[in-house]
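Below is start-v9.txt, which holds compact mmCIF, C-alpha atoms and all ligand atoms.
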```
# COMPACT_ATOMS: atom_id res chain seq x y z
CA MET C 242 18.15 -11.49 21.72
CA PHE C 243 15.00 -10.74 19.70
CA THR C 244 16.90 -8.17 17.62
CA PHE C 245 19.74 -10.65 17.05
CA PHE C 246 17.37 -13.29 15.64
CA SER C 247 15.38 -10.80 13.55
CA ASN C 248 18.63 -9.43 12.07
CA TRP C 249 19.88 -12.95 11.36
CA ARG C 250 16.58 -13.86 9.71
CA ARG C 251 16.64 -10.72 7.57
CA GLN C 252 20.17 -11.36 6.40
CA ARG C 253 19.06 -14.84 5.33
CA LEU C 254 16.02 -13.41 3.51
CA LEU C 255 18.19 -10.89 1.68
CA THR C 256 20.39 -13.64 0.25
CA ARG C 257 17.38 -14.47 -1.97
CA PHE C 258 16.92 -10.86 -3.07
CA ASP C 259 18.99 -11.19 -6.22
CA SER C 260 19.56 -8.57 -8.92
CA GLU C 261 16.66 -9.80 -11.04
CA ARG C 262 14.23 -9.50 -8.13
CA ARG C 263 15.67 -6.13 -7.10
CA ALA C 264 15.09 -4.85 -10.64
CA ARG C 265 11.50 -6.12 -10.49
CA TRP C 266 10.88 -4.34 -7.17
CA GLN C 267 12.61 -1.19 -8.41
CA GLN C 268 9.98 -0.93 -11.16
CA ASN C 269 7.24 -0.84 -8.53
CA LEU C 270 9.19 1.68 -6.45
CA ASP C 271 9.64 3.94 -9.50
CA ALA C 272 5.90 3.77 -10.22
CA LEU C 273 4.85 4.91 -6.71
CA PRO C 274 4.75 8.74 -6.69
CA ILE C 275 5.00 9.02 -2.87
CA LEU C 276 8.44 7.40 -3.10
CA ASP C 277 9.72 10.07 -5.50
CA GLY C 278 12.83 11.91 -4.44
CA LEU C 279 14.32 9.24 -2.15
CA SER C 280 18.10 9.06 -2.48
CA GLN C 281 19.76 6.03 -4.04
CA GLN C 282 20.76 4.74 -0.60
CA GLU C 283 17.26 5.26 0.75
CA GLN C 284 15.80 3.38 -2.20
CA ILE C 285 18.08 0.41 -1.60
CA ARG C 286 17.15 0.38 2.09
CA LEU C 287 13.45 0.68 1.26
CA LEU C 288 13.61 -2.20 -1.21
CA GLU C 289 15.33 -4.43 1.33
CA LEU C 290 12.94 -3.50 4.13
CA GLY C 291 10.00 -4.09 1.79
CA TRP C 292 11.37 -7.47 0.75
CA CYS C 293 11.83 -8.51 4.39
CA PHE C 294 8.37 -7.18 5.30
CA LEU C 295 6.75 -9.19 2.51
CA HIS C 296 8.56 -12.36 3.49
CA GLY C 297 8.06 -11.86 7.21
CA LYS C 298 4.25 -11.58 7.01
CA ARG C 299 1.45 -13.66 5.63
CA PHE C 300 -0.59 -11.82 2.99
CA THR C 301 -4.00 -13.49 3.06
CA PRO C 302 -6.68 -12.61 0.49
CA VAL C 303 -10.18 -13.02 1.89
CA MET C 304 -13.63 -12.94 0.27
CA ASP C 305 -12.17 -13.70 -3.17
CA ALA C 306 -9.80 -10.72 -3.24
CA GLU C 307 -7.48 -11.15 -6.21
CA LEU C 308 -4.07 -10.43 -4.82
CA THR C 309 -1.31 -10.07 -7.41
CA ASP C 310 2.46 -9.86 -6.90
CA ASP C 311 2.26 -6.16 -7.79
CA HIS C 312 -0.28 -5.54 -5.01
CA CYS C 313 1.91 -7.31 -2.47
CA ILE C 314 5.08 -5.48 -3.54
CA ASP C 315 3.33 -2.08 -3.47
CA ILE C 316 1.90 -2.78 0.00
CA ALA C 317 5.32 -3.90 1.27
CA LEU C 318 7.10 -0.83 -0.16
CA MET C 319 4.55 1.56 1.35
CA ALA C 320 4.70 -0.31 4.67
CA ALA C 321 8.49 0.08 4.68
CA LEU C 322 8.40 3.86 4.15
CA PRO C 323 7.49 5.03 7.70
CA VAL C 324 10.17 2.79 9.24
CA LEU C 325 12.85 3.49 6.64
CA ASN C 326 15.18 4.76 9.37
CA LEU C 327 13.71 2.86 12.33
CA GLY C 328 13.68 -0.69 10.97
CA LEU C 329 10.83 -3.21 10.84
CA ASP C 330 11.03 -4.02 14.56
CA ALA C 331 9.45 -0.60 15.17
CA TYR C 332 6.12 -2.19 14.13
CA GLY C 333 6.27 -4.66 17.01
CA VAL C 334 5.16 -8.23 16.45
CA PHE C 335 2.37 -9.06 14.04
CA TYR C 336 2.16 -11.77 11.45
CA GLU C 337 -0.61 -11.24 8.97
CA LEU C 338 -2.30 -8.84 6.59
CA LEU C 339 -5.84 -9.69 5.53
CA ILE C 340 -6.72 -8.21 2.15
CA TYR C 341 -10.42 -7.65 1.47
CA PRO C 342 -11.65 -6.84 -2.04
CA GLU C 343 -13.83 -3.94 -0.84
CA GLU C 344 -14.67 -2.16 2.38
CA PHE C 345 -15.72 -4.54 5.14
CA VAL C 346 -18.12 -4.42 8.06
CA THR C 347 -16.71 -4.72 11.54
CA ASP C 348 -18.13 -4.64 15.07
CA LEU C 349 -16.63 -1.83 17.10
CA GLN C 350 -16.58 -1.49 20.87
CA PHE C 351 -15.44 1.68 22.56
CA VAL C 352 -15.74 3.51 25.86
CA ASP C 353 -16.67 7.20 25.70
CA ALA C 354 -15.30 10.05 27.84
CA ASN C 355 -17.98 9.29 30.48
CA GLY C 356 -16.89 5.66 30.78
CA VAL C 357 -19.96 4.32 28.95
CA GLU C 358 -19.33 1.34 26.68
CA HIS C 359 -20.75 1.50 23.14
CA GLN C 360 -21.07 -1.07 20.38
CA SER C 361 -21.58 -0.31 16.72
CA ARG C 362 -21.19 -1.83 13.25
CA GLU C 363 -19.15 0.17 10.79
CA GLU C 364 -17.91 -0.15 7.25
CA LEU C 365 -14.15 0.30 7.17
CA SER C 366 -11.46 0.41 4.50
CA GLY C 367 -8.76 -0.68 6.92
CA GLU C 368 -8.14 -1.74 10.49
CA ALA C 369 -5.18 -2.66 12.68
CA TRP C 370 -5.92 -5.02 15.54
CA GLU C 371 -4.02 -4.76 18.77
CA GLN C 372 -1.96 -7.99 18.91
CA GLY C 373 -3.50 -9.07 15.62
CA PRO C 374 -3.47 -8.59 11.87
CA VAL C 375 -3.76 -5.51 9.67
CA LEU C 376 -6.86 -5.47 7.46
CA LEU C 377 -6.82 -3.61 4.14
CA SER C 378 -9.42 -3.06 1.47
CA GLN C 379 -7.93 -3.65 -1.95
CA SER C 380 -10.29 -1.18 -3.63
CA LYS C 381 -8.67 1.65 -1.64
CA LEU C 382 -5.11 0.74 -2.57
CA ALA C 383 -5.35 2.45 -5.96
CA ASP C 384 -5.93 5.78 -4.17
CA SER C 385 -2.98 5.13 -1.85
CA ARG C 386 -0.07 6.03 -4.13
CA HIS C 387 -0.08 9.79 -4.53
CA TRP C 388 0.69 13.04 -2.70
CA ASN C 389 -2.98 13.44 -1.89
CA GLY C 390 -3.12 13.06 1.88
CA TYR C 391 -4.56 9.54 1.70
CA ASN C 392 -2.71 6.29 2.16
CA LEU C 393 -4.47 3.30 3.67
CA VAL C 394 -1.30 1.24 4.12
CA ILE C 395 0.63 4.00 5.91
CA HIS C 396 -2.41 4.84 8.06
CA GLU C 397 -2.88 1.27 9.30
CA LEU C 398 0.85 0.68 9.77
CA ALA C 399 1.01 3.93 11.76
CA HIS C 400 -1.41 2.26 14.20
CA LYS C 401 1.09 -0.62 14.51
CA LEU C 402 3.87 1.89 15.19
CA ASP C 403 1.70 3.39 17.92
CA MET C 404 0.75 -0.04 19.35
CA ALA C 405 4.39 -1.16 19.49
CA ASN C 406 4.65 0.98 22.63
CA GLY C 407 2.74 -1.11 25.18
CA GLY C 408 0.30 -2.82 22.81
CA ILE C 409 -2.27 -0.01 22.86
CA ALA C 410 -3.02 2.58 20.19
CA ASP C 411 -3.13 5.86 22.12
CA GLY C 412 -1.08 8.35 20.11
CA LEU C 413 2.06 7.73 22.15
CA PRO C 414 4.55 5.66 20.15
CA ALA C 415 7.89 4.38 21.45
CA LEU C 416 9.69 7.72 21.25
CA PRO C 417 13.34 8.22 22.12
CA VAL C 418 13.60 9.72 25.62
CA PRO C 419 14.79 13.18 24.44
CA LEU C 420 11.59 13.62 22.39
CA GLN C 421 9.11 12.46 25.00
CA SER C 422 8.50 15.65 26.97
CA ASP C 423 8.11 17.75 23.80
CA TRP C 424 5.68 15.17 22.42
CA LEU C 425 3.56 15.30 25.58
CA GLN C 426 3.34 19.09 25.15
CA VAL C 427 2.81 19.25 21.40
CA PHE C 428 0.67 16.22 20.49
CA PRO C 429 -2.30 16.71 22.91
CA LYS C 430 -2.40 20.43 22.06
CA ALA C 431 -2.55 19.70 18.33
CA PHE C 432 -5.21 17.03 18.91
CA ALA C 433 -7.35 19.41 20.98
CA ASN C 434 -7.02 22.05 18.28
CA HIS C 435 -8.00 19.58 15.57
CA CYS C 436 -11.08 18.52 17.58
CA ARG C 437 -12.07 22.16 18.15
CA GLN C 438 -11.77 22.95 14.45
CA ALA C 439 -13.70 19.84 13.41
CA GLU C 440 -16.48 20.71 15.89
CA LEU C 441 -16.62 24.25 14.53
CA ALA C 442 -16.89 23.00 10.94
CA LEU C 443 -19.63 20.56 11.95
CA SER C 444 -21.58 23.28 13.76
CA LEU C 445 -21.83 25.49 10.66
CA PRO C 446 -24.63 25.10 8.08
CA GLU C 447 -23.64 22.28 5.74
CA GLY C 448 -22.45 23.54 2.36
CA SER C 449 -22.26 27.19 3.50
CA ALA C 450 -19.21 29.30 2.62
CA GLU C 451 -18.25 29.46 6.34
CA ALA C 452 -18.48 25.69 6.68
CA ASN C 453 -16.40 25.12 3.54
CA LEU C 454 -13.77 27.53 4.84
CA ALA C 455 -13.70 25.79 8.23
CA TRP C 456 -13.28 22.34 6.59
CA ASP C 457 -10.51 23.67 4.31
CA ARG C 458 -8.68 25.14 7.30
CA LEU C 459 -8.54 21.72 8.95
CA TRP C 460 -5.77 20.84 6.45
CA ILE C 461 -5.63 17.20 7.51
CA ASP C 462 -8.28 14.47 7.66
CA PRO C 463 -11.15 15.32 10.08
CA TYR C 464 -11.23 11.63 11.01
CA GLY C 465 -8.26 12.43 13.25
CA ALA C 466 -10.72 14.05 15.67
CA GLU C 467 -12.10 10.58 16.58
CA ASN C 468 -9.45 9.98 19.24
CA GLN C 469 -5.71 10.35 19.84
CA ALA C 470 -4.90 7.04 18.12
CA GLU C 471 -6.65 8.14 14.92
CA PHE C 472 -5.07 11.58 15.14
CA PHE C 473 -1.63 9.96 15.30
CA ALA C 474 -2.39 7.71 12.29
CA VAL C 475 -3.83 10.62 10.28
CA CYS C 476 -0.77 12.77 11.08
CA VAL C 477 1.70 10.04 10.02
CA GLU C 478 -0.37 9.51 6.86
CA ALA C 479 -0.25 13.27 6.12
CA PHE C 480 3.45 13.42 7.02
CA PHE C 481 4.22 11.09 4.11
CA THR C 482 1.51 12.04 1.63
CA ASP C 483 0.79 15.75 2.22
CA PRO C 484 3.60 17.06 4.41
CA ILE C 485 2.95 20.68 3.41
CA ALA C 486 -0.58 20.45 4.82
CA LEU C 487 0.60 18.88 8.09
CA ASN C 488 3.34 21.48 8.42
CA LEU C 489 0.82 24.28 7.80
CA ALA C 490 -1.56 22.89 10.41
CA TYR C 491 0.89 21.81 13.12
CA PRO C 492 4.54 22.79 12.44
CA PRO C 493 5.88 21.60 15.84
CA LEU C 494 4.20 18.21 15.34
CA TYR C 495 5.62 17.89 11.82
CA HIS C 496 9.06 18.67 13.27
CA LEU C 497 8.72 16.11 16.08
CA LEU C 498 7.50 13.38 13.72
CA GLY C 499 10.47 14.18 11.49
CA GLN C 500 12.83 13.69 14.43
CA PHE C 501 11.11 10.47 15.52
CA LEU C 502 10.95 8.91 12.03
CA GLY C 503 14.27 10.38 10.84
CA GLN C 504 12.76 11.73 7.63
CA ASN C 505 11.75 15.04 6.02
CA PRO C 506 9.22 14.40 3.21
CA LEU C 507 8.73 18.18 2.83
CA ALA C 508 12.01 18.23 0.93
CA ARG C 509 10.81 15.81 -1.75
CA ALA C 510 7.05 16.58 -1.93
CA PRO C 511 5.59 18.47 -4.90
CA GLN C 512 5.38 22.08 -3.72
CA TRP C 513 2.14 24.01 -3.36
CA GLN C 514 1.00 27.15 -1.57
CA PRO C 515 -2.21 27.62 0.40
CA LEU C 516 -4.74 30.01 -1.12
CA PRO C 517 -4.40 33.49 0.46
CA HIS C 518 -7.78 33.37 2.25
CA LEU C 519 -6.78 30.12 3.98
CA ARG C 520 -3.45 31.35 5.30
CA CYS C 521 -4.44 33.26 8.43
CA GLN C 522 -6.63 31.67 11.08
ZN ZN Y 601 -7.25 4.42 11.87
```

Translate the structure of the given file into C-alpha cells.
Ligand SMILES: [Zn+2]
Amino acid sequence: MFTFFSNWRRQRLLTRFDSERRARWQQNLDALPILDGLSQQEQIRLLELGWCFLHGKRFTPVMDAELTDDHCIDIALMAALPVLNLGLDAYGVFYELLIYPEEFVTDLQFVDANGVEHQSREELSGEAWEQGPVLLSQSKLADSRHWNGYNLVIHELAHKLDMANGGIADGLPALPVPLQSDWLQVFPKAFANHCRQAELALSLPEGSAEANLAWDRLWIDPYGAENQAEFFAVCVEAFFTDPIALNLAYPPLYHLLGQFLGQNPLARAPQWQPLPHLRCQ
C-alpha cells in the first residue's frame, strides 16, 4: 500500500516537471562531473528521481545558510544517484534535510566494544539521524562534485540506505536475499582489513615514508575504520566517486555493491592506474 501511494504521489509530482524545468535540471546534471557517462535513459531517470526527492523533502537552511535553487537541485541529483535503480523508497522514510553554512558541532553518544557508554562533542560536516533528518554543511558541497573519493551527500544518504533496513546504521542494508550470505562473508572481512591497515598506518611515525605508504595503501577514507556503519557509507561514497580505488582495495565488495545498487561506475569513471610501488601489499 505504501508503494502504491508513493508511486501515485510521484506520478503527480512529475506532471509538474515540464520541458522547461527538465532543461534547467539537465544543466545542473551536465555540470556535475560524477554524473558523466550516464546513458540517456539513466539521465532521464535520475532527473525524475531528483525532482521527486526535492519535492518529497523539506530543505531547511539553518544558521543563515544561503540555499539557492542550484544547491537544492545539485543535492537532489546527487541523492538520486545511489538509488538510480532502486528507487527513492530504498532510503526509507525521512522528511527533512537541514543545511548548515559550515561544519557544525554535535553531541555524540556511543558504546564501545566493552559496553562502556561515551559522550563527546564533535565538529561534523554531515550527519544522518536514525528516524530523523539528514544534516549537511554547505561549505563541503563544493568539494562533493568530482571523482575525488569525497561526496558528503552520497555519504549521508548511504547511511539512510543502511538505516532503511531496521532503522539502525550497522553496515547491513536491505539486500536482496541472494546477496545476503555473500555480504555477510565479504563485508566484515573487508572492514576488519580496513581497521587493521588504519591501525598499522597510525602506529608508524607520523610523516615517515612507511607511514605515508601505509596511508596510501588504504585506498579509501580511513574514517571507515570508525565502525561498520561508517565503513558502509565510505564504501558507497567511494563506489560512486572513486570506484577504481574501491575496486583495488576490496574487489569482492565493489562487485557486491554493484549487484545491490545495479550500477557499475567503473565503466564511466576517469581511468587511472596505481603507482607501481602501491600495487602489491
Ligand atoms: Zn558517516

- By how many Å are atom CA of Met319 of chain C and atom CA of Ser385 of chain C apart?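 So the answer is 8.9 Å.
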
- Out of C:Val334, C:Ala470, C:Leu443, C:Val418, which residue has the shortest atom-to-atom distance to ligand ZN 601 (chain Y) when counting only C-alpha atoms and all ligand atoms?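 Using only C-alpha atoms and all ligand atoms, the shortest distance to ligand ZN 601 (chain Y) belongs to C:Ala470.
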
- Message: Please report the interatomic distance between atom CA of Thr301 of chain C and atom CA of Leu376 of chain C in Å with one decimal.
- Response: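 Spanning atom CA of Thr301 of chain C to atom CA of Leu376 of chain C is a straight-line distance of 9.6 Å.
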
- Query: Counting all atoms listed in the file, what residues are within 7 Å of ligand ZN 601 (chain Y), given as a VMD selection string?
  - Reply: chain C and resid 368 396 to 397 400 471 474

- Task: Mind listing whatever residues come within 10 Å of the point (-21.1, 4.1, 11.1)? Use only C-alpha atoms, file coordinates, and give them as number ranges by chain.
- Result: C: 346-347, 349, 361-365

Closest-contact table, segment 376-443 of chain C side, partner segment 500-516 of chain C, 10 Å, counting all atoms listed in the file, as CSV:
```
residue,atom,partner,partner_atom,distance
C:Trp388,CA,C:Ala510,CA,7.3
C:Pro414,CA,C:Phe501,CA,9.4
C:Ala415,CA,C:Phe501,CA,9.1
C:Leu416,CA,C:Phe501,CA,6.5
C:Pro417,CA,C:Phe501,CA,7.3
C:Leu420,CA,C:Phe501,CA,7.6
C:Gln421,CA,C:Phe501,CA,9.9
C:Trp424,CA,C:Phe501,CA,10.0
```

For segment 493-510 of chain C, I'd like the enclosing box, axis-aligned and padded by 3 Å on every side, reported as lines of an AutoDock Vina configuration file with centre and edge lengths in Å to one decimal.
```
center_x = 9.2
center_y = 15.3
center_z = 7.1
size_x = 16.1
size_y = 18.7
size_z = 24.0
```

- Query: So how many Å separate atom CA of Trp266 of chain C and atom CA of Leu318 of chain C, to one decimal?
  - Reply: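 Calculated distance between atom CA of Trp266 of chain C and atom CA of Leu318 of chain C is 8.7 Å.
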